[in-house]
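Q: What follows is a structure written as structure tokens; I'll ask about it next.
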Amino acid sequence: MPIYNKIYDFCKVRNNGNIFKNGKTPTPRVEFLLNLLESLNINYDLDEFPIDDENMGFNINLPGNSDQFVVAHHDINNPYSENANDNSCSIINCIAVKILDPSINVCLLDGEEFGGYGSEHLSKRINNGDFGNIRWILNLELSGAGGKNFFIGNHPGPLSDRIISIFGCPVVKTPFNDSFIFNRNGIDSTVINPLPVIEKKSPIQLIDGRYLDYKRLFLCHSMEDTTDKISPEEMKEFVEEVILKIISKNEK
């Protein structure tokens with residue numbers, strides 16, 4: 001599916017800065033995503049909300065009719081980086097999920113890098129009943145390489161239980177991400193993050209004894225977060241052999 005190769009175009013787009021420097025109109029990255037969605041004939045709702053007196057946040061909702069959300073954040077910390085793995089790849093993966101399962105609710109979130117503004121806004125809308133009864137939110141982070149080899153964050157709940165029952169994946173205490181906001185607001189959520197397998201030992205071990213390359217996590221926000229370190233083929237594997245199983249109504 002050519003959607004995964006859109007990562008290369010997306011990573012060429014630069015915002016003026018972080019969410020406190022983007023002003024009141026959609027950022028270049030938001031504009032790119034809106035144009036991409038229109039080219040794919042995917043319906044969207046641009047959900048604007050204030051950050052402060054001078055800046056707006058922009059969530060992009062791709063509405064469905066399920067009781068689940070798949071989300072990822074589109075905002076960036078470093079405007080000079082390609083921001084390939086954090087978190088451009090996850091945005092492309094979310095759009096791929098929507099193409100493959102149009103029933104799923106998807107939200108491309110703003111403001112994660114500086115406290116979860118977009119997830120706070122989405123939480124309020126979910127708790128107001130704007131999307132019906134939502135069971136849980138699956139949060140994609142750093143999903144550019146690793147494919148079927150992944151861990152989830154330490155966010156106990158039915159969603160985590162489901163993922164563990166299907167895959168037997170590692171559970172890791174993670175830094176801040178949008179799942180912290182959702183859980184704080186009473187919405188079950190966990191973060192999921194694939195990583196490549198490496199030969200030497202690392203702090204993250206799969207149940208079959210292999211290890212994941214946790215050092216990649218430290219490339220976030222740096223100039224080293226580049227497209228040569230991600231793989232559209234592994235993005236496809238992650239979406240189609242992991243995410244679709246998690247959100248499937250038929251998967252036990």
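Ligands are numbered from 1 in the order shown, residues from 1 within each chain, and chains are lettered A, B, ... in the order they appear in the structure tokens.
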Can you tell me, as a ChimeraX atom specification, what residues are no more than 12 Å from stretch 10-21 of chain A when counting only C-alpha atoms, ignoring any on the same chain fewer than 6 positions away?

A: /A:3-4,27-36,49-58,73-92,109-118,221,225-228,230

Q: According to DSSP computed on the backbone, where in stretch 90-120 of chain A is there strand (DSSP E or B)? Give the residues as a PyMOL selection string.

A: chain A and resi 105-109

Q: Take the residues just selected and output them with C-alpha atoms as an mmCIF file, in the first residue's frame.

A:
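Listed below is the output, selection17.cif:
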```cif
data_model
loop_
_atom_site.group_PDB
_atom_site.id
_atom_site.type_symbol
_atom_site.label_atom_id
_atom_site.label_comp_id
_atom_site.auth_asym_id
_atom_site.auth_seq_id
_atom_site.Cartn_x
_atom_site.Cartn_y
_atom_site.Cartn_z
ATOM 1 C CA ASN A 105 -12.309 6.287 15.145
ATOM 2 C CA VAL A 106 -8.939 7.933 14.547
ATOM 3 C CA CYS A 107 -7.600 11.173 15.979
ATOM 4 C CA LEU A 108 -4.362 12.875 14.969
ATOM 5 C CA LEU A 109 -3.530 14.791 18.125
#
```

Q: Extract, using only C-alpha atoms, all DNA, RNA and protein residues at most 7 Å from stretch 139-148 of chain A, discarding same-chain residues fewer than 4 positions from it, and format them as an MDAnalysis selection string.

A: chainID A and resid 70:72 85:87 89:90 179 190:197 230:231 234:235 237:238 241:242

Q: Stretch 168-178 of chain A: which residues within 8 Å, counting only C-alpha atoms, same-chain residues fewer than 3 positions away excluded, as a PyMOL selection string?

A: chain A and resi 112+116+119+139+150-154+163-165+181-182+191+204-207

Q: Need the shell around stretch 40-43 of chain A: protein/DNA/RNA residues with any atom at most 12 Å away, counting only C-alpha atoms. Skip same-chain ones fewer than 2 positions apart. Format as a list of chain:residue names?

A: A:Pro2, A:Ile3, A:Lys6, A:Leu33, A:Leu34, A:Asn35, A:Leu36, A:Leu37, A:Glu38, A:Asp45, A:Leu46, A:Ile60, A:Asn61, A:Leu62, A:Pro63, A:Gly64, A:Ile95, A:Ala96, A:Val97, A:Lys98, A:Ile99, A:Leu100, A:Asp101, A:Pro102, A:Ser103, A:Asn105, A:Val106, A:Cys107

Q: Would you mind reading off the distance between atom CA of A:Trp136 and atom CA of A:Val239, one decimal, in Å?

A: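 We find that atom CA of A:Trp136 and atom CA of A:Val239 lie 17.6 Å from each other.
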
Q: From the DSSP assignment of the backbone, select every residue of stretch 64-94 of chain A that is alpha helix (DSSP H), and format the answer as a compact mmCIF listing (two decimals) with C-alpha atoms, in the first residue's frame.

A:
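The resulting file, selection29.txt, is shown below:
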```
# COMPACT_ATOMS: atom_id res chain seq x y z
CA CYS A 89 5.44 7.47 11.18
CA SER A 90 2.63 6.90 13.67
CA ILE A 91 0.48 9.52 11.95
CA ILE A 92 0.92 7.72 8.63
CA ASN A 93 0.19 4.41 10.37
CA CYS A 94 -3.02 5.84 11.86
```

Q: With only C-alpha atoms as the atoms that count, which of A:Ser202, A:Ser123, A:Asn128, A:Asn133 lies nearest to A:Arg184?

A: A:Ser123

Q: Of the residues A:Ile166, A:Leu159, A:Cys220, A:Ile137, which is the one nearest to A:Ile187, using only C-alpha atoms?

A: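 Among A:Ile166, A:Leu159, A:Cys220, A:Ile137, it is A:Ile137 that comes nearest to A:Ile187.
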